[in-house]
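Novice: Once you've had a glance at the structure underneath, I'll fire off some questions.
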Amino acid sequence: FFFQAEDGIRDVERSRGLGDVYKRQVQRPVRDYGNLMDSIKKACTKHNIQPVEGFLAKVIQLYDTMNVRHGLMIVGPTGGGKTSTYKVLATALTELCDNTRFFKIDVRIMNPKSVTMGQLYGEEDKGTQEWVEGIMAMTVERCTEDQSLERHWVIADGPVDSLWIENMNSVLDDSKKLCLTNGKIIKLSERINMIFEVEDLAVASPATVSRCGMVYEEPSIIGLEPVSYTHLTLPTILLVQISVVAVSLKKQ
């Protein structure tokens, strides 16, 4: 036992030594994002979000992950900024839309746990024996049929469990196919991203996790001060928006 413990300590020391060597010799390549960072900061102002360094880094990380994976998970506890991250990125990309490098974003959100499996993917009506389309299947099909250059983000905002997420494995594969129980197969287009906003992956299977890109968000990355400032300035923002609406209604 003592020999094994000493071997383990030596392995840890070697790992730390190698890590220090790589940190000194390997530098992270600098990527040119063009006007994206400026657009992200403007989007933060629009959403009344403080553009702190940790939050901006997560937005960029989400953008990079989307470029390499069509399926990804935004993981973290409440208060980490999961929802704000994709909202800011969607606004920033839409503002930069040039239909070459940046495209307009269409966001569609659903909670898979708020409906039954039949309502989510589709089921046969027991009375009429007719097939009733599910919310997920209908949403994915409509996004696939869209022939514009617009990008579609289908977001499942809710807990991941083995009941509904396993049916998404074929979607997250390179085949990108949503297979329904009635035999229908919906092939996802290249303009669709499947995003799962979850608190944890406690019940997610390795088969599902390995198919997704991961962006982990923790409240400590943002801190308490930016959140407090946003909430303190929220009443002022709402008053300004109400005034603008009131003025526009008077003009009508």
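All residue names refer to the structure tokens as shown: chains lettered A, B, ... in order, residues numbered from 1 in each chain, ligands numbered from 1 in order.
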Counting only C-alpha atoms, which residues in range 115-196 of chain A sit no more than 12 Å from range 90-105 of chain A? For each one, give the nearest pair of atoms and the distance in Å, sorted by chain then residue number, as a Markdown table.
Specialist:
```
| residue | atom | partner | partner_atom | distance |
| --- | --- | --- | --- | --- |
| A:Cys143 | CA | A:Ile105 | CA | 11.5 |
| A:Ser148 | CA | A:Asn99 | CA | 9.9 |
| A:Leu149 | CA | A:Asn99 | CA | 6.7 |
| A:Glu150 | CA | A:Lys104 | CA | 5.1 |
| A:Arg151 | CA | A:Ile105 | CA | 4.9 |
| A:His152 | CA | A:Ile105 | CA | 5.9 |
| A:Trp153 | CA | A:Ile105 | CA | 7.2 |
| A:Val154 | CA | A:Ile105 | CA | 10.6 |
| A:Arg191 | CA | A:Ile105 | CA | 9.7 |
| A:Ile192 | CA | A:Ile105 | CA | 10.0 |
| A:Asn193 | CA | A:Ile105 | CA | 10.4 |
```
Novice: Mind writing the picked residues with all heavy atoms as a short mmCIF file (atom, residue, chain, number, x, y, z; two decimals), in the first residue's frame?
Specialist:
```cif
data_model
loop_
_atom_site.label_atom_id
_atom_site.label_comp_id
_atom_site.auth_asym_id
_atom_site.auth_seq_id
_atom_site.Cartn_x
_atom_site.Cartn_y
_atom_site.Cartn_z
N CYS A 143 -37.38 24.06 -39.35
CA CYS A 143 -36.06 24.66 -39.51
C CYS A 143 -35.32 24.04 -40.69
O CYS A 143 -34.60 24.74 -41.42
CB CYS A 143 -35.24 24.49 -38.22
SG CYS A 143 -35.88 25.41 -36.80
N SER A 148 -33.59 29.67 -46.50
CA SER A 148 -32.83 30.91 -46.38
C SER A 148 -31.46 30.62 -45.76
O SER A 148 -31.17 29.50 -45.34
CB SER A 148 -33.60 31.93 -45.53
OG SER A 148 -33.66 31.50 -44.18
N LEU A 149 -30.63 31.66 -45.67
CA LEU A 149 -29.31 31.53 -45.06
C LEU A 149 -29.34 31.71 -43.55
O LEU A 149 -28.30 31.65 -42.90
CB LEU A 149 -28.36 32.58 -45.67
CG LEU A 149 -28.06 32.41 -47.17
CD1 LEU A 149 -27.19 33.55 -47.67
CD2 LEU A 149 -27.39 31.06 -47.45
N GLU A 150 -30.53 31.88 -43.01
CA GLU A 150 -30.69 32.08 -41.57
C GLU A 150 -30.28 30.83 -40.80
O GLU A 150 -30.57 29.71 -41.21
CB GLU A 150 -32.15 32.42 -41.27
CG GLU A 150 -32.41 32.91 -39.87
CD GLU A 150 -33.86 33.33 -39.68
OE1 GLU A 150 -34.73 32.79 -40.38
OE2 GLU A 150 -34.12 34.22 -38.85
N ARG A 151 -29.58 31.02 -39.68
CA ARG A 151 -29.17 29.91 -38.82
C ARG A 151 -30.22 29.67 -37.75
O ARG A 151 -30.80 30.62 -37.21
CB ARG A 151 -27.82 30.21 -38.16
CG ARG A 151 -26.63 30.34 -39.12
CD ARG A 151 -26.53 29.17 -40.06
NE ARG A 151 -25.25 29.11 -40.75
CZ ARG A 151 -25.10 29.23 -42.05
NH1 ARG A 151 -26.15 29.47 -42.82
NH2 ARG A 151 -23.92 29.12 -42.61
N HIS A 152 -30.47 28.40 -37.42
CA HIS A 152 -31.50 28.05 -36.45
C HIS A 152 -30.86 27.37 -35.24
O HIS A 152 -30.10 26.42 -35.38
CB HIS A 152 -32.53 27.11 -37.08
CG HIS A 152 -33.22 27.69 -38.28
ND1 HIS A 152 -34.28 28.55 -38.18
CD2 HIS A 152 -32.97 27.53 -39.61
CE1 HIS A 152 -34.67 28.91 -39.39
NE2 HIS A 152 -33.90 28.30 -40.28
N TRP A 153 -31.20 27.88 -34.06
CA TRP A 153 -30.76 27.27 -32.81
C TRP A 153 -31.99 26.68 -32.12
O TRP A 153 -32.87 27.41 -31.67
CB TRP A 153 -30.10 28.29 -31.89
CG TRP A 153 -28.82 28.86 -32.41
CD1 TRP A 153 -28.17 28.52 -33.55
CD2 TRP A 153 -28.03 29.89 -31.80
NE1 TRP A 153 -27.03 29.25 -33.70
CE2 TRP A 153 -26.91 30.11 -32.64
CE3 TRP A 153 -28.17 30.64 -30.63
CZ2 TRP A 153 -25.94 31.05 -32.34
CZ3 TRP A 153 -27.19 31.58 -30.33
CH2 TRP A 153 -26.09 31.78 -31.17
N VAL A 154 -32.06 25.36 -32.04
CA VAL A 154 -33.14 24.68 -31.33
C VAL A 154 -32.63 24.37 -29.93
O VAL A 154 -31.72 23.55 -29.76
CB VAL A 154 -33.57 23.40 -32.06
CG1 VAL A 154 -34.70 22.72 -31.30
CG2 VAL A 154 -33.99 23.70 -33.49
N ARG A 191 -27.52 24.23 -41.27
CA ARG A 191 -27.78 25.52 -40.64
C ARG A 191 -28.45 25.39 -39.27
O ARG A 191 -28.90 26.38 -38.71
CB ARG A 191 -28.64 26.39 -41.56
CG ARG A 191 -28.01 26.68 -42.91
CD ARG A 191 -28.91 27.57 -43.76
NE ARG A 191 -30.21 26.98 -43.98
CZ ARG A 191 -30.48 26.08 -44.90
NH1 ARG A 191 -29.51 25.65 -45.71
NH2 ARG A 191 -31.70 25.59 -45.05
N ILE A 192 -28.51 24.17 -38.74
CA ILE A 192 -29.20 23.94 -37.47
C ILE A 192 -28.20 23.53 -36.39
O ILE A 192 -27.33 22.69 -36.61
CB ILE A 192 -30.28 22.85 -37.60
CG1 ILE A 192 -31.33 23.28 -38.61
CG2 ILE A 192 -30.93 22.56 -36.26
CD1 ILE A 192 -32.42 22.25 -38.84
N ASN A 193 -28.34 24.12 -35.21
CA ASN A 193 -27.58 23.72 -34.02
C ASN A 193 -28.55 23.26 -32.95
O ASN A 193 -29.55 23.93 -32.67
CB ASN A 193 -26.74 24.87 -33.47
CG ASN A 193 -25.48 25.12 -34.27
OD1 ASN A 193 -25.47 25.98 -35.15
ND2 ASN A 193 -24.43 24.38 -33.98
#
```
Novice: Restrict the calculation to only C-alpha atoms, then for each residue of range 148-193 of chain A with any atom at most 12 Å from an atom of range 116-135 of chain A give the closest atom pair and their distance in Å to one decimal, rows by chain and rising residue number, as a Markdown table.
Specialist:
```
| residue | atom | partner | partner_atom | distance |
| --- | --- | --- | --- | --- |
| A:Val154 | CA | A:Ile135 | CA | 11.1 |
| A:Ala156 | CA | A:Leu120 | CA | 10.9 |
| A:Asp161 | CA | A:Met117 | CA | 11.8 |
| A:Ser162 | CA | A:Met117 | CA | 11.5 |
| A:Leu163 | CA | A:Met117 | CA | 7.9 |
| A:Trp164 | CA | A:Met117 | CA | 6.7 |
| A:Ile165 | CA | A:Met117 | CA | 10.4 |
| A:Glu166 | CA | A:Met117 | CA | 11.6 |
| A:Asn167 | CA | A:Tyr121 | CA | 8.9 |
| A:Met168 | CA | A:Tyr121 | CA | 10.2 |
| A:Leu178 | CA | A:Tyr121 | CA | 9.3 |
| A:Cys179 | CA | A:Tyr121 | CA | 9.2 |
| A:Leu180 | CA | A:Tyr121 | CA | 6.8 |
| A:Thr181 | CA | A:Glu123 | CA | 7.7 |
| A:Asn182 | CA | A:Trp131 | CA | 7.8 |
| A:Gly183 | CA | A:Trp131 | CA | 11.1 |
| A:Lys184 | CA | A:Gly122 | CA | 10.5 |
| A:Ile185 | CA | A:Tyr121 | CA | 11.6 |
| A:Ile186 | CA | A:Tyr121 | CA | 11.5 |
```
Novice: Go ahead and write the residues just picked, all heavy atoms, as a tab-separated table (two decimals), in the first residue's frame.
Specialist:
```
chain	number	residue	atom	x	y	z
A	154	VAL	N	-32.06	25.36	-32.04
A	154	VAL	CA	-33.14	24.68	-31.33
A	154	VAL	C	-32.63	24.37	-29.93
A	154	VAL	O	-31.72	23.55	-29.76
A	154	VAL	CB	-33.57	23.40	-32.06
A	154	VAL	CG1	-34.70	22.72	-31.30
A	154	VAL	CG2	-33.99	23.70	-33.49
A	156	ALA	N	-33.12	23.17	-26.05
A	156	ALA	CA	-33.89	22.39	-25.07
A	156	ALA	C	-33.46	22.86	-23.69
A	156	ALA	O	-32.38	22.51	-23.21
A	156	ALA	CB	-33.61	20.90	-25.25
A	161	ASP	N	-32.60	13.76	-18.98
A	161	ASP	CA	-32.80	12.44	-18.40
A	161	ASP	C	-32.75	11.39	-19.50
A	161	ASP	O	-32.72	11.71	-20.68
A	161	ASP	CB	-34.11	12.36	-17.59
A	161	ASP	CG	-35.35	12.59	-18.44
A	161	ASP	OD1	-35.27	12.38	-19.66
A	161	ASP	OD2	-36.38	12.97	-17.88
A	162	SER	N	-32.75	10.15	-19.08
A	162	SER	CA	-32.60	9.05	-20.04
A	162	SER	C	-33.85	8.81	-20.86
A	162	SER	O	-33.80	8.06	-21.84
A	162	SER	CB	-32.22	7.76	-19.28
A	162	SER	OG	-33.21	7.46	-18.30
A	163	LEU	N	-34.97	9.43	-20.52
A	163	LEU	CA	-36.22	9.19	-21.24
A	163	LEU	C	-36.24	9.86	-22.60
A	163	LEU	O	-36.57	9.25	-23.60
A	163	LEU	CB	-37.42	9.66	-20.39
A	163	LEU	CG	-37.66	8.88	-19.09
A	163	LEU	CD1	-38.81	9.51	-18.32
A	163	LEU	CD2	-37.95	7.42	-19.39
A	164	TRP	N	-35.91	11.14	-22.65
A	164	TRP	CA	-36.04	11.87	-23.92
A	164	TRP	C	-34.71	12.12	-24.62
A	164	TRP	O	-34.67	12.23	-25.84
A	164	TRP	CB	-36.76	13.20	-23.70
A	164	TRP	CG	-35.99	14.23	-22.92
A	164	TRP	CD1	-36.01	14.41	-21.58
A	164	TRP	CD2	-35.10	15.21	-23.46
A	164	TRP	NE1	-35.17	15.44	-21.22
A	164	TRP	CE2	-34.61	15.96	-22.36
A	164	TRP	CE3	-34.66	15.54	-24.73
A	164	TRP	CZ2	-33.71	17.01	-22.51
A	164	TRP	CZ3	-33.76	16.58	-24.89
A	164	TRP	CH2	-33.30	17.29	-23.79
A	165	ILE	N	-33.62	12.21	-23.89
A	165	ILE	CA	-32.34	12.58	-24.51
A	165	ILE	C	-31.77	11.46	-25.36
A	165	ILE	O	-31.05	11.70	-26.33
A	165	ILE	CB	-31.32	13.02	-23.44
A	165	ILE	CG1	-30.12	13.73	-24.07
A	165	ILE	CG2	-30.86	11.82	-22.62
A	165	ILE	CD1	-30.46	15.03	-24.72
A	166	GLU	N	-32.09	10.19	-25.02
A	166	GLU	CA	-31.55	9.07	-25.79
A	166	GLU	C	-32.05	9.08	-27.23
A	166	GLU	O	-31.37	8.61	-28.14
A	166	GLU	CB	-31.92	7.74	-25.12
A	166	GLU	CG	-31.25	7.51	-23.77
A	166	GLU	CD	-29.74	7.47	-23.85
A	166	GLU	OE1	-29.21	7.00	-24.88
A	166	GLU	OE2	-29.08	7.91	-22.91
A	167	ASN	N	-33.25	9.63	-27.45
A	167	ASN	CA	-33.77	9.72	-28.81
A	167	ASN	C	-33.04	10.75	-29.66
A	167	ASN	O	-33.23	10.81	-30.88
A	167	ASN	CB	-35.27	10.07	-28.78
A	167	ASN	CG	-36.12	8.94	-28.23
A	167	ASN	OD1	-35.78	7.78	-28.38
A	167	ASN	ND2	-37.21	9.29	-27.57
A	168	MET	N	-32.20	11.55	-29.01
A	168	MET	CA	-31.46	12.59	-29.72
A	168	MET	C	-30.08	12.12	-30.16
A	168	MET	O	-29.36	12.85	-30.83
A	168	MET	CB	-31.30	13.83	-28.83
A	168	MET	CG	-32.60	14.48	-28.39
A	168	MET	SD	-33.55	15.11	-29.77
A	168	MET	CE	-32.46	16.42	-30.34
A	178	LEU	N	-33.16	12.74	-37.14
A	178	LEU	CA	-34.14	12.55	-36.07
A	178	LEU	C	-35.10	11.45	-36.50
A	178	LEU	O	-35.88	11.62	-37.44
A	178	LEU	CB	-34.89	13.85	-35.80
A	178	LEU	CG	-36.00	13.79	-34.73
A	178	LEU	CD1	-35.43	13.37	-33.39
A	178	LEU	CD2	-36.72	15.13	-34.61
A	179	CYS	N	-35.02	10.31	-35.82
A	179	CYS	CA	-35.82	9.15	-36.19
A	179	CYS	C	-37.04	9.06	-35.28
A	179	CYS	O	-36.91	9.00	-34.06
A	179	CYS	CB	-34.99	7.88	-36.08
A	179	CYS	SG	-33.48	7.90	-37.08
A	180	LEU	N	-38.24	9.04	-35.88
A	180	LEU	CA	-39.49	9.00	-35.13
A	180	LEU	C	-40.06	7.59	-35.14
A	180	LEU	O	-39.69	6.75	-35.97
A	180	LEU	CB	-40.49	9.98	-35.74
A	180	LEU	CG	-39.99	11.43	-35.88
A	180	LEU	CD1	-41.06	12.28	-36.54
A	180	LEU	CD2	-39.60	12.00	-34.53
A	181	THR	N	-40.98	7.32	-34.21
A	181	THR	CA	-41.52	5.96	-34.06
A	181	THR	C	-42.45	5.56	-35.21
A	181	THR	O	-42.76	4.39	-35.36
A	181	THR	CB	-42.29	5.85	-32.73
A	181	THR	OG1	-43.27	6.89	-32.66
A	181	THR	CG2	-41.34	5.99	-31.55
A	182	ASN	N	-42.90	6.51	-36.00
A	182	ASN	CA	-43.76	6.18	-37.14
A	182	ASN	C	-42.93	5.87	-38.39
A	182	ASN	O	-43.49	5.68	-39.48
A	182	ASN	CB	-44.74	7.32	-37.44
A	182	ASN	CG	-44.04	8.59	-37.91
A	182	ASN	OD1	-42.85	8.78	-37.67
A	182	ASN	ND2	-44.78	9.46	-38.57
A	183	GLY	N	-41.62	5.82	-38.25
A	183	GLY	CA	-40.74	5.50	-39.38
A	183	GLY	C	-40.22	6.71	-40.12
A	183	GLY	O	-39.38	6.58	-41.01
A	184	LYS	N	-40.69	7.88	-39.78
A	184	LYS	CA	-40.25	9.11	-40.45
A	184	LYS	C	-38.86	9.51	-39.98
A	184	LYS	O	-38.54	9.43	-38.80
A	184	LYS	CB	-41.25	10.24	-40.17
A	184	LYS	CG	-40.96	11.52	-40.92
A	184	LYS	CD	-42.04	12.57	-40.64
A	184	LYS	CE	-41.80	13.85	-41.41
A	184	LYS	NZ	-42.87	14.85	-41.15
A	185	ILE	N	-38.03	9.94	-40.91
A	185	ILE	CA	-36.67	10.37	-40.59
A	185	ILE	C	-36.49	11.81	-41.09
A	185	ILE	O	-36.72	12.09	-42.27
A	185	ILE	CB	-35.61	9.46	-41.24
A	185	ILE	CG1	-35.75	8.03	-40.69
A	185	ILE	CG2	-34.22	10.00	-40.99
A	185	ILE	CD1	-34.82	7.04	-41.33
A	186	ILE	N	-36.09	12.70	-40.17
A	186	ILE	CA	-35.87	14.11	-40.52
A	186	ILE	C	-34.37	14.36	-40.52
A	186	ILE	O	-33.71	14.22	-39.50
A	186	ILE	CB	-36.57	15.05	-39.51
A	186	ILE	CG1	-38.06	14.74	-39.45
A	186	ILE	CG2	-36.34	16.50	-39.89
A	186	ILE	CD1	-38.80	15.52	-38.37
```
Novice: How would you write, as number ranges by chain, the set of residues in range 107-166 of chain A that DSSP gives as helix (DSSP H, G or I)?
Specialist: A: 112-114, 117-121, 135-145, 165-166
Novice: Which residues, written as a PyMOL selection string, have at least one atom at most 9 Å from range 72-81 of chain A, with only C-alpha atoms counted and residues fewer than 2 positions away on the same chain left out?
Specialist: chain A and resi 55+62+65-66+69-70+83-86+172+193-201+209+211-223+227
Novice: Between CA of Pro206 in chain A and CA of Val171 in chain A, what is the distance, to one decimal in Å?
Specialist: 15.4 Å
Novice: Could you write out, as a PyMOL selection string, all the residues of range 8-199 of chain A that DSSP marks as strand (DSSP E or B)?
Specialist: chain A and resi 71-75+105-110+122-124+131-133+151-157+177-179+185-187+192-198
Novice: For CA of Lys42 in chain A and CA of Thr230 in chain A, determine how far apart the two atoms are, in Å to one decimal place.
Specialist: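 So the answer is 15.1 Å.
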Novice: Report, in Å with one decimal, the straight-line distance from CA of Asp146 in chain A to CA of Lys177 in chain A.
Specialist: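 CA of Lys177 in chain A lies 16.5 Å from CA of Asp146 in chain A.
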